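**Q** This one is target24.cif, mmCIF, C-alpha atoms.
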```cif
data_protein
loop_
_atom_site.group_PDB
_atom_site.id
_atom_site.type_symbol
_atom_site.label_atom_id
_atom_site.label_comp_id
_atom_site.auth_asym_id
_atom_site.auth_seq_id
_atom_site.Cartn_x
_atom_site.Cartn_y
_atom_site.Cartn_z
ATOM 1 C CA MET A 23 -13.365 -17.327 -5.898
ATOM 2 C CA GLU A 24 -14.612 -13.766 -5.490
ATOM 3 C CA GLY A 25 -12.919 -13.523 -2.116
ATOM 4 C CA PHE A 26 -9.626 -14.712 -3.585
ATOM 5 C CA LEU A 27 -9.902 -12.201 -6.450
ATOM 6 C CA PHE A 28 -10.658 -9.437 -3.933
ATOM 7 C CA TYR A 29 -7.561 -10.098 -1.848
ATOM 8 C CA LEU A 30 -5.338 -10.595 -4.914
ATOM 9 C CA GLY A 31 -6.591 -7.478 -6.720
ATOM 10 C CA GLY A 32 -6.630 -5.396 -3.552
ATOM 11 C CA ALA A 33 -3.061 -6.348 -2.712
ATOM 12 C CA MET A 34 -1.940 -5.529 -6.257
ATOM 13 C CA MET A 35 -3.745 -2.183 -6.193
ATOM 14 C CA LEU A 36 -2.367 -1.107 -2.791
ATOM 15 C CA LEU A 37 1.153 -2.402 -3.397
ATOM 16 C CA GLY A 38 1.302 -0.773 -6.810
ATOM 17 C CA GLY A 39 0.054 2.525 -5.412
ATOM 18 C CA VAL A 40 2.477 2.640 -2.487
ATOM 19 C CA ALA A 41 5.417 1.588 -4.654
ATOM 20 C CA MET A 42 4.431 4.205 -7.234
ATOM 21 C CA VAL A 43 4.456 6.959 -4.612
ATOM 22 C CA ALA A 44 7.749 5.725 -3.188
ATOM 23 C CA SER A 45 9.655 5.079 -6.410
ATOM 24 C CA ARG A 46 12.591 7.283 -7.306
ATOM 25 C CA SER A 47 12.313 7.200 -11.075
ATOM 26 C CA ALA A 48 9.348 8.181 -13.228
ATOM 27 C CA VAL A 49 9.551 5.086 -15.422
ATOM 28 C CA SER A 50 9.354 2.657 -12.507
ATOM 29 C CA ALA A 51 6.528 4.734 -11.026
ATOM 30 C CA ALA A 52 4.591 4.291 -14.268
ATOM 31 C CA CYS A 53 5.239 0.534 -14.210
ATOM 32 C CA TRP A 54 3.986 0.276 -10.618
ATOM 33 C CA LEU A 55 0.885 2.202 -11.611
ATOM 34 C CA VAL A 56 0.246 -0.398 -14.338
ATOM 35 C CA LEU A 57 0.326 -3.083 -11.626
ATOM 36 C CA SER A 58 -2.184 -1.040 -9.646
ATOM 37 C CA PHE A 59 -4.520 -0.794 -12.641
ATOM 38 C CA LEU A 60 -4.240 -4.527 -13.303
ATOM 39 C CA GLY A 61 -5.320 -5.125 -9.693
ATOM 40 C CA SER A 62 -8.211 -2.778 -10.262
ATOM 41 C CA ALA A 63 -9.232 -4.804 -13.322
ATOM 42 C CA ALA A 64 -9.163 -7.979 -11.206
ATOM 43 C CA LEU A 65 -11.453 -6.282 -8.687
ATOM 44 C CA PHE A 66 -13.869 -5.317 -11.468
ATOM 45 C CA ALA A 67 -13.917 -8.929 -12.574
ATOM 46 C CA ALA A 68 -14.682 -10.002 -9.004
ATOM 47 C CA LEU A 69 -17.553 -7.498 -8.948
ATOM 48 C CA GLN A 70 -19.248 -9.083 -11.993
ATOM 49 C CA ALA A 71 -18.199 -6.281 -14.341
ATOM 50 C CA PRO A 72 -16.321 -8.119 -17.120
ATOM 51 C CA PHE A 73 -16.799 -5.329 -19.662
ATOM 52 C CA LEU A 74 -15.238 -2.756 -17.345
ATOM 53 C CA ALA A 75 -12.403 -5.126 -16.458
ATOM 54 C CA VAL A 76 -11.466 -5.400 -20.135
ATOM 55 C CA LEU A 77 -11.820 -1.649 -20.654
ATOM 56 C CA GLN A 78 -9.702 -0.924 -17.576
ATOM 57 C CA ILE A 79 -6.826 -2.904 -19.097
ATOM 58 C CA LEU A 80 -7.323 -1.498 -22.610
ATOM 59 C CA VAL A 81 -7.819 2.160 -21.685
ATOM 60 C CA TYR A 82 -5.928 2.650 -18.418
ATOM 61 C CA ALA A 83 -3.128 0.098 -18.402
ATOM 62 C CA GLY A 84 -2.852 0.364 -22.181
ATOM 63 C CA ALA A 85 -3.549 3.772 -23.625
ATOM 64 C CA ILE A 86 -3.112 6.129 -20.678
ATOM 65 C CA MET A 87 0.063 4.520 -19.356
ATOM 66 C CA VAL A 88 1.575 4.449 -22.853
ATOM 67 C CA LEU A 89 0.882 8.184 -22.984
ATOM 68 C CA PHE A 90 2.704 8.615 -19.659
ATOM 69 C CA LEU A 91 5.701 6.567 -20.785
ATOM 70 C CA PHE A 92 5.777 8.413 -24.102
ATOM 71 C CA VAL A 93 5.957 11.780 -22.332
ATOM 72 C CA ILE A 94 8.646 10.514 -19.947
ATOM 73 C CA MET A 95 10.602 9.495 -23.034
ATOM 74 C CA MET A 96 10.079 12.871 -24.717
ATOM 75 C CA LEU A 97 11.229 14.830 -21.661
ATOM 76 C CA GLU A 98 14.807 14.076 -22.511
ATOM 77 C CA GLY A 99 17.347 14.603 -19.786
ATOM 78 C CA PRO A 100 17.084 14.067 -16.041
ATOM 79 C CA VAL A 101 13.467 14.360 -14.992
ATOM 80 C CA MET A 102 13.907 13.647 -11.305
ATOM 81 C CA PRO A 103 16.940 15.579 -10.005
ATOM 82 C CA ALA A 104 15.148 17.962 -7.679
ATOM 83 C CA GLU A 105 13.983 15.406 -5.137
ATOM 84 C CA ALA A 106 17.416 13.793 -4.843
ATOM 85 C CA GLY A 107 18.609 15.823 -1.869
ATOM 86 C CA ARG A 108 15.544 15.294 0.283
ATOM 87 C CA PRO A 109 15.120 12.691 3.011
ATOM 88 C CA LYS A 110 14.150 9.396 1.468
ATOM 89 C CA PHE A 111 12.435 7.424 4.186
ATOM 90 C CA TRP A 112 9.377 9.549 4.865
ATOM 91 C CA ILE A 113 7.944 9.409 1.347
ATOM 92 C CA PRO A 114 7.069 5.677 1.497
ATOM 93 C CA ALA A 115 6.342 6.008 5.197
ATOM 94 C CA GLY A 116 3.861 8.810 4.593
ATOM 95 C CA ALA A 117 2.127 6.763 1.910
ATOM 96 C CA LEU A 118 2.051 3.595 4.000
ATOM 97 C CA VAL A 119 0.773 4.980 7.291
ATOM 98 C CA PRO A 120 -2.777 5.944 6.272
ATOM 99 C CA ALA A 121 -3.225 2.771 4.258
ATOM 100 C CA ALA A 122 -1.948 0.713 7.186
ATOM 101 C CA ILE A 123 -4.355 2.449 9.574
ATOM 102 C CA ILE A 124 -7.305 1.600 7.341
ATOM 103 C CA LEU A 125 -6.157 -1.988 6.836
ATOM 104 C CA VAL A 126 -5.637 -2.547 10.558
ATOM 105 C CA ALA A 127 -9.104 -1.171 11.178
ATOM 106 C CA THR A 128 -10.396 -3.623 8.550
ATOM 107 C CA ALA A 129 -8.520 -6.633 9.870
ATOM 108 C CA ARG A 130 -10.886 -6.926 12.823
ATOM 109 C CA TRP A 131 -13.746 -7.568 10.416
ATOM 110 C CA VAL A 132 -12.042 -9.578 7.719
ATOM 111 C CA PRO A 133 -12.905 -13.041 9.122
ATOM 112 C CA GLY A 134 -16.488 -12.055 8.353
ATOM 113 C CA ALA A 135 -17.749 -11.277 11.854
ATOM 114 C CA GLY A 136 -21.192 -10.012 10.993
ATOM 115 C CA LEU A 137 -20.300 -8.215 7.776
ATOM 116 C CA PRO A 138 -22.840 -9.008 5.062
ATOM 117 C CA GLY A 139 -21.649 -10.239 1.694
ATOM 118 C CA PHE A 140 -23.057 -9.087 -1.595
ATOM 119 C CA PRO A 141 -26.606 -10.142 -2.419
ATOM 120 C CA GLY A 142 -26.587 -13.288 -4.508
ATOM 121 C CA ASP A 143 -29.418 -12.501 -6.889
ATOM 122 C CA LEU A 144 -28.277 -10.466 -9.885
ATOM 123 C CA PRO A 145 -30.209 -9.901 -13.105
ATOM 124 C CA PRO A 146 -29.132 -12.366 -15.827
ATOM 125 C CA GLY A 147 -26.294 -11.031 -17.969
ATOM 126 C CA PHE A 148 -25.310 -8.453 -15.330
ATOM 127 C CA GLY A 149 -22.376 -6.319 -16.456
ATOM 128 C CA GLN A 150 -22.296 -7.723 -19.972
ATOM 129 C CA PRO A 151 -21.507 -5.243 -22.774
ATOM 130 C CA VAL A 152 -25.064 -5.509 -24.144
ATOM 131 C CA ARG A 153 -26.703 -4.331 -20.939
ATOM 132 C CA VAL A 154 -24.166 -1.552 -20.320
ATOM 133 C CA ALA A 155 -24.547 -0.350 -23.912
ATOM 134 C CA GLN A 156 -28.331 -0.290 -23.603
ATOM 135 C CA LEU A 157 -28.014 1.987 -20.556
ATOM 136 C CA LEU A 158 -25.305 4.120 -22.149
ATOM 137 C CA LEU A 159 -27.234 4.736 -25.387
ATOM 138 C CA GLY A 160 -30.636 4.841 -23.722
ATOM 139 C CA GLU A 161 -31.083 6.358 -20.306
ATOM 140 C CA TYR A 162 -27.682 8.091 -20.221
ATOM 141 C CA LEU A 163 -27.559 9.228 -23.851
ATOM 142 C CA LEU A 164 -27.257 12.916 -22.915
ATOM 143 C CA ALA A 165 -24.284 12.263 -20.614
ATOM 144 C CA PHE A 166 -22.733 10.131 -23.363
ATOM 145 C CA GLU A 167 -22.989 13.003 -25.842
ATOM 146 C CA LEU A 168 -21.709 15.559 -23.322
ATOM 147 C CA ILE A 169 -18.653 13.475 -22.483
ATOM 148 C CA SER A 170 -17.740 13.516 -26.172
ATOM 149 C CA ILE A 171 -17.647 17.324 -25.963
ATOM 150 C CA VAL A 172 -15.256 17.030 -23.007
ATOM 151 C CA LEU A 173 -12.999 14.805 -25.095
ATOM 152 C CA VAL A 174 -13.078 17.168 -28.083
ATOM 153 C CA VAL A 175 -12.194 20.124 -25.853
ATOM 154 C CA ALA A 176 -9.339 18.113 -24.355
ATOM 155 C CA ILE A 177 -8.011 17.224 -27.805
ATOM 156 C CA ILE A 178 -8.136 20.844 -28.977
ATOM 157 C CA GLY A 179 -6.506 22.016 -25.743
ATOM 158 C CA ALA A 180 -3.708 19.467 -25.989
ATOM 159 C CA LEU A 181 -3.119 20.437 -29.628
ATOM 160 C CA ALA A 182 -3.004 24.149 -28.779
ATOM 161 C CA LEU A 183 -0.620 23.544 -25.866
ATOM 162 C CA GLY A 184 1.629 21.208 -27.771
ATOM 163 C CA SER A 185 1.930 23.002 -31.079
ATOM 164 C CA ASN A 186 4.735 25.330 -32.041
ATOM 165 C CA GLU A 187 4.092 28.888 -30.861
ATOM 166 C CA ARG A 188 4.486 30.523 -34.247
ATOM 167 C CA THR A 189 1.766 28.397 -35.806
ATOM 168 C CA LEU A 190 -0.867 29.471 -33.280
ATOM 169 C CA PRO A 191 -3.410 31.850 -34.821
ATOM 170 C CA TRP A 192 -3.280 34.369 -31.936
ATOM 171 C CA LYS A 193 0.492 34.733 -31.849
ATOM 172 C CA MET B 17 -14.753 -15.520 4.300
ATOM 173 C CA GLU B 18 -17.384 -13.630 2.479
ATOM 174 C CA VAL B 19 -16.434 -10.353 0.843
ATOM 175 C CA GLY B 20 -19.006 -7.594 0.917
ATOM 176 C CA LEU B 21 -19.503 -3.940 0.159
ATOM 177 C CA THR B 22 -17.622 -2.760 3.275
ATOM 178 C CA HIS B 23 -14.428 -4.520 2.219
ATOM 179 C CA TYR B 24 -14.459 -2.742 -1.113
ATOM 180 C CA LEU B 25 -15.229 0.641 0.429
ATOM 181 C CA LEU B 26 -12.355 0.319 2.897
ATOM 182 C CA LEU B 27 -9.957 -0.793 0.172
ATOM 183 C CA ALA B 28 -11.029 2.131 -2.010
ATOM 184 C CA ALA B 29 -10.496 4.518 0.906
ATOM 185 C CA ALA B 30 -7.003 3.125 1.499
ATOM 186 C CA VAL B 31 -6.079 3.437 -2.187
ATOM 187 C CA PHE B 32 -7.505 6.953 -2.334
ATOM 188 C CA LEU B 33 -5.463 7.914 0.751
ATOM 189 C CA VAL B 34 -2.279 6.559 -0.801
ATOM 190 C CA GLY B 35 -2.930 8.665 -3.890
ATOM 191 C CA MET B 36 -3.755 11.741 -1.827
ATOM 192 C CA VAL B 37 -0.675 11.446 0.371
ATOM 193 C CA GLY B 38 1.452 10.887 -2.715
ATOM 194 C CA PHE B 39 0.012 13.982 -4.351
ATOM 195 C CA ILE B 40 0.877 16.058 -1.274
ATOM 196 C CA VAL B 41 4.277 14.525 -0.564
ATOM 197 C CA ARG B 42 5.814 14.198 -4.018
ATOM 198 C CA ARG B 43 7.028 17.271 -5.845
ATOM 199 C CA ASN B 44 7.512 15.710 -9.277
ATOM 200 C CA THR B 45 4.538 16.781 -11.373
ATOM 201 C CA LEU B 46 4.595 13.563 -13.429
ATOM 202 C CA ILE B 47 4.145 11.466 -10.303
ATOM 203 C CA MET B 48 1.551 13.902 -8.959
ATOM 204 C CA LEU B 49 -0.477 13.277 -12.147
ATOM 205 C CA MET B 50 -0.147 9.527 -11.607
ATOM 206 C CA CYS B 51 -1.435 9.994 -8.051
ATOM 207 C CA VAL B 52 -4.526 11.730 -9.451
ATOM 208 C CA GLU B 53 -5.040 8.697 -11.680
ATOM 209 C CA LEU B 54 -4.825 6.440 -8.636
ATOM 210 C CA MET B 55 -7.465 8.498 -6.812
ATOM 211 C CA LEU B 56 -9.794 8.348 -9.842
ATOM 212 C CA SER B 57 -9.275 4.604 -9.914
ATOM 213 C CA ALA B 58 -10.335 4.328 -6.268
ATOM 214 C CA ALA B 59 -13.505 6.287 -7.061
ATOM 215 C CA ASN B 60 -14.231 3.889 -9.940
ATOM 216 C CA LEU B 61 -13.945 0.987 -7.532
ATOM 217 C CA VAL B 62 -16.634 2.490 -5.279
ATOM 218 C CA PHE B 63 -18.973 2.954 -8.263
ATOM 219 C CA VAL B 64 -18.604 -0.658 -9.348
ATOM 220 C CA ALA B 65 -18.944 -1.994 -5.798
ATOM 221 C CA PHE B 66 -22.236 -0.161 -5.297
ATOM 222 C CA SER B 67 -23.356 -1.320 -8.721
ATOM 223 C CA ARG B 68 -22.797 -4.906 -7.580
ATOM 224 C CA GLU B 69 -24.545 -4.282 -4.263
ATOM 225 C CA LEU B 70 -27.659 -2.733 -5.826
ATOM 226 C CA GLY B 71 -27.760 -4.958 -8.920
ATOM 227 C CA ASP B 72 -27.925 -1.900 -11.179
ATOM 228 C CA GLU B 73 -25.483 -1.164 -14.014
ATOM 229 C CA ALA B 74 -25.759 2.629 -13.715
ATOM 230 C CA GLY B 75 -22.471 2.574 -11.805
ATOM 231 C CA HIS B 76 -20.775 0.962 -14.787
ATOM 232 C CA VAL B 77 -21.923 3.853 -16.974
ATOM 233 C CA PHE B 78 -20.489 6.347 -14.464
ATOM 234 C CA VAL B 79 -17.175 4.485 -14.577
ATOM 235 C CA LEU B 80 -17.156 4.790 -18.366
ATOM 236 C CA MET B 81 -17.641 8.559 -17.982
ATOM 237 C CA ASN B 82 -14.781 8.559 -15.487
ATOM 238 C CA PHE B 83 -12.540 6.830 -18.050
ATOM 239 C CA ALA B 84 -13.193 9.669 -20.493
ATOM 240 C CA VAL B 85 -12.548 12.323 -17.845
ATOM 241 C CA ALA B 86 -9.301 10.613 -16.835
ATOM 242 C CA ALA B 87 -8.145 10.433 -20.446
ATOM 243 C CA ALA B 88 -8.922 14.119 -20.990
ATOM 244 C CA GLU B 89 -7.159 15.057 -17.760
ATOM 245 C CA VAL B 90 -4.035 13.109 -18.663
ATOM 246 C CA ALA B 91 -3.908 14.555 -22.179
ATOM 247 C CA ILE B 92 -4.200 18.155 -20.968
ATOM 248 C CA GLY B 93 -1.976 17.619 -17.927
ATOM 249 C CA LEU B 94 0.848 16.057 -19.889
ATOM 250 C CA ALA B 95 0.607 18.753 -22.582
ATOM 251 C CA ILE B 96 0.947 21.445 -19.905
ATOM 252 C CA LEU B 97 3.802 19.491 -18.327
ATOM 253 C CA MET B 98 5.712 19.288 -21.595
ATOM 254 C CA GLU B 99 5.261 23.010 -22.190
ATOM 255 C CA ILE B 100 6.555 23.754 -18.680
ATOM 256 C CA PHE B 101 9.536 21.470 -19.225
ATOM 257 C CA ARG B 102 10.299 23.133 -22.552
ATOM 258 C CA ARG B 103 10.484 26.547 -20.880
ATOM 259 C CA ARG B 104 11.950 25.756 -17.437
ATOM 260 C CA ARG B 105 13.874 22.481 -18.062
ATOM 261 C CA SER B 106 12.271 21.101 -14.912
ATOM 262 C CA VAL B 107 9.075 19.348 -13.862
ATOM 263 C CA ASP B 108 9.545 19.972 -10.137
ATOM 264 C CA ALA B 109 6.542 21.636 -8.540
ATOM 265 C CA ASP B 110 8.788 23.649 -6.189
ATOM 266 C CA ASP B 111 10.433 25.343 -9.172
ATOM 267 C CA LEU B 112 7.090 26.668 -10.429
ATOM 268 C CA ASN B 113 6.883 29.590 -8.019
ATOM 269 C CA THR B 114 6.926 32.619 -10.306
ATOM 270 C CA LEU B 115 3.337 33.560 -9.420
ATOM 271 C CA MET B 116 4.320 33.605 -5.744
ATOM 272 C CA GLU B 117 7.062 36.214 -6.013
#
```
Would you kindly transcribe this structure into structure tokens?

**A**
Amino acid sequence: MEGFLFYLGGAMMLLGGVAMVASRSAVSAACWLVLSFLGSAALFAALQAPFLAVLQILVYAGAIMVLFLFVIMMLEGPVMPAEAGRPKFWIPAGALVPAAIILVATARWVPGAGLPGFPGDLPPGFGQPVRVAQLLLGEYLLAFELISIVLVVAIIGALALGSNERTLPWK
Amino acid sequence: MEVGLTHYLLLAAAVFLVGMVGFIVRRNTLIMLMCVELMLSAANLVFVAFSRELGDEAGHVFVLMNFAVAAAEVAIGLAILMEIFRRRRSVDADDLNTLME
């Protein structure tokens, strides 16, 4: 089951990434990136991280990609004209070649010739929200508080960048 | 066919490379931002894979931090992008060369 989820999620993640790099329009690139994030969520589920799998779909595939699509919508007019005159074939080719090299290098080992699997013994309730929350609000409390400062700074910065120039206090 | 840590590391490297090549090759700043997201996602995968290998949820906490950083980066990046588009009517990275001249 975990092996199947790995190959399914990995294929979705790689295919979505390559198609995103190769796509000609920003909207379809965003949709391919959603596929990539869904594959990533499947991989998290295979790695016994159900909480992160749910958050990956909620935060990445949901909130962040909606933000992307919203901005694409707000940039009215042609967003992609500048790349139209350039050669088309080498963009997907350039994205595919390194990935293909790595996958070919992997293929030798995929049948499991001597590669160890994950250890079978995990603590009970591994990856459940309760255990992650205990770490987050216990051992990593300082990092948790600091990351909130990062978010506040980002919100203020986005507001300052996005607001009308005449309403800014220093103009 | 047993899947182990090495499989996940190689997959994460491949995904990271796709994002990196895309960031270098594409000139549309929107898609360059998406490539950064893809690279962050590959890093998250490595965190979770090592978390599974070591049986320790610290990696999950790091991934949560990474979610926040990614959200902040997208918010700021898209705000800058919209401001650039408002002034230049273009989001092409090759058009943003005024500092070079």

**Q** Just want the 9 Å neighbourhood of region 96-99 of chain B, counted on only C-alpha atoms, with same-chain residues fewer than 6 positions away dropped. Output as a VMD selection string.

**A** (chain A and resid 93 96 to 97 180 183 to 184) or (chain B and resid 45 to 46 107)

**Q** Would you pick out the contacts of Ala155 (chain A) at 12 Å or less, using all atoms listed in the file, so that residues sharing its chain but fewer than 3 positions from it are not included, and give the list as a list in words?

**A**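 Everything that qualifies: Phe73, Leu74, Phe148, Gly149, Gln150, Pro151, Val152, Leu158, Leu159, Gly160, Glu161, Tyr162, Leu163 and Phe166 of chain A; Glu73, Ala74, His76, Val77 and Leu80 of chain B.
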
**Q** Given the choices B:Ala28, B:Val37, B:Met116, B:Ala59, which gets closest to chain A if the distance is worked out from all atoms listed in the file?

**A**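 Selected residue with least distance to chain A: B:Val37.
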
**Q** Can you tell me how far CA of Gly35 (chain B) sits from CA of Val64 (chain B), in Å to one decimal?

**A**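 Result for CA of Gly35 (chain B) versus CA of Val64 (chain B): 19.0 Å, one decimal.
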
**Q** Can you tell me, as a list in words, what residues are no more than 9 Å from Ala51 (chain A) when counting all atoms listed in the file, ignoring any on the same chain fewer than 5 positions away?

**A** Gly38, Gly39, Ala41, Met42, Val43, Ala44, Ser45, Arg46 and Val56 of chain A; Ile47 and Met50 of chain B

**Q** To one decimal place in Å, what is the distance between CA of Phe90 (chain A) and CA of Ala52 (chain A)?

**A**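 About the pair CA of Phe90 (chain A) and CA of Ala52 (chain A): they are 7.2 Å apart.
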
**Q** Grab the CA of Asp108 (chain B) to CA of Asn44 (chain B) distance for me, in Å with one decimal place.

**A** 4.8 Å

**Q** Of the candidates A:Ala75, A:Val40, A:Leu30, A:Ser185, which shows the shortest atom-to-atom distance to chain B, using all atoms listed in the file?

**A**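 Using all atoms listed in the file, the shortest distance to chain B belongs to A:Val40.
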
**Q** Env of Val62 (chain B): 10 Å cut, atoms = all atoms listed in the file, seq-sep filter 2 positions within chain, self excluded. Answer as a PyMOL selection string.

**A** chain B and resi 21+24-29+57-60+64-68+75+79

**Q** Name the residues captured by the PyMOL selection byres ((chain A and resi 33) around 12) when it is applied to the shown file; answer as a list in words.

**A**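 What the PyMOL selection byres ((chain A and resi 33) around 12) grabs from the file is Phe26, Leu27, Phe28, Tyr29, Leu30, Gly31, Gly32, Met34, Met35, Leu36, Leu37, Gly38, Gly39, Val40, Ala41, Leu57, Ser58, Phe59, Leu60, Gly61, Ser62, Ala64, Leu65, Ala121 and Leu125 of chain A; Leu27, Ala28, Ala30 and Val31 of chain B.
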
**Q** Put the listed atoms of region 21-38 of chain B in a box along x, y and z with 6 Å added on every side and give me the centre and edge lengths in Å to one decimal, as lines of an AutoDock Vina configuration file.

**A**
```
center_x = -9.0
center_y = 3.6
center_z = -0.3
size_x = 33.0
size_y = 28.3
size_z = 19.2
```
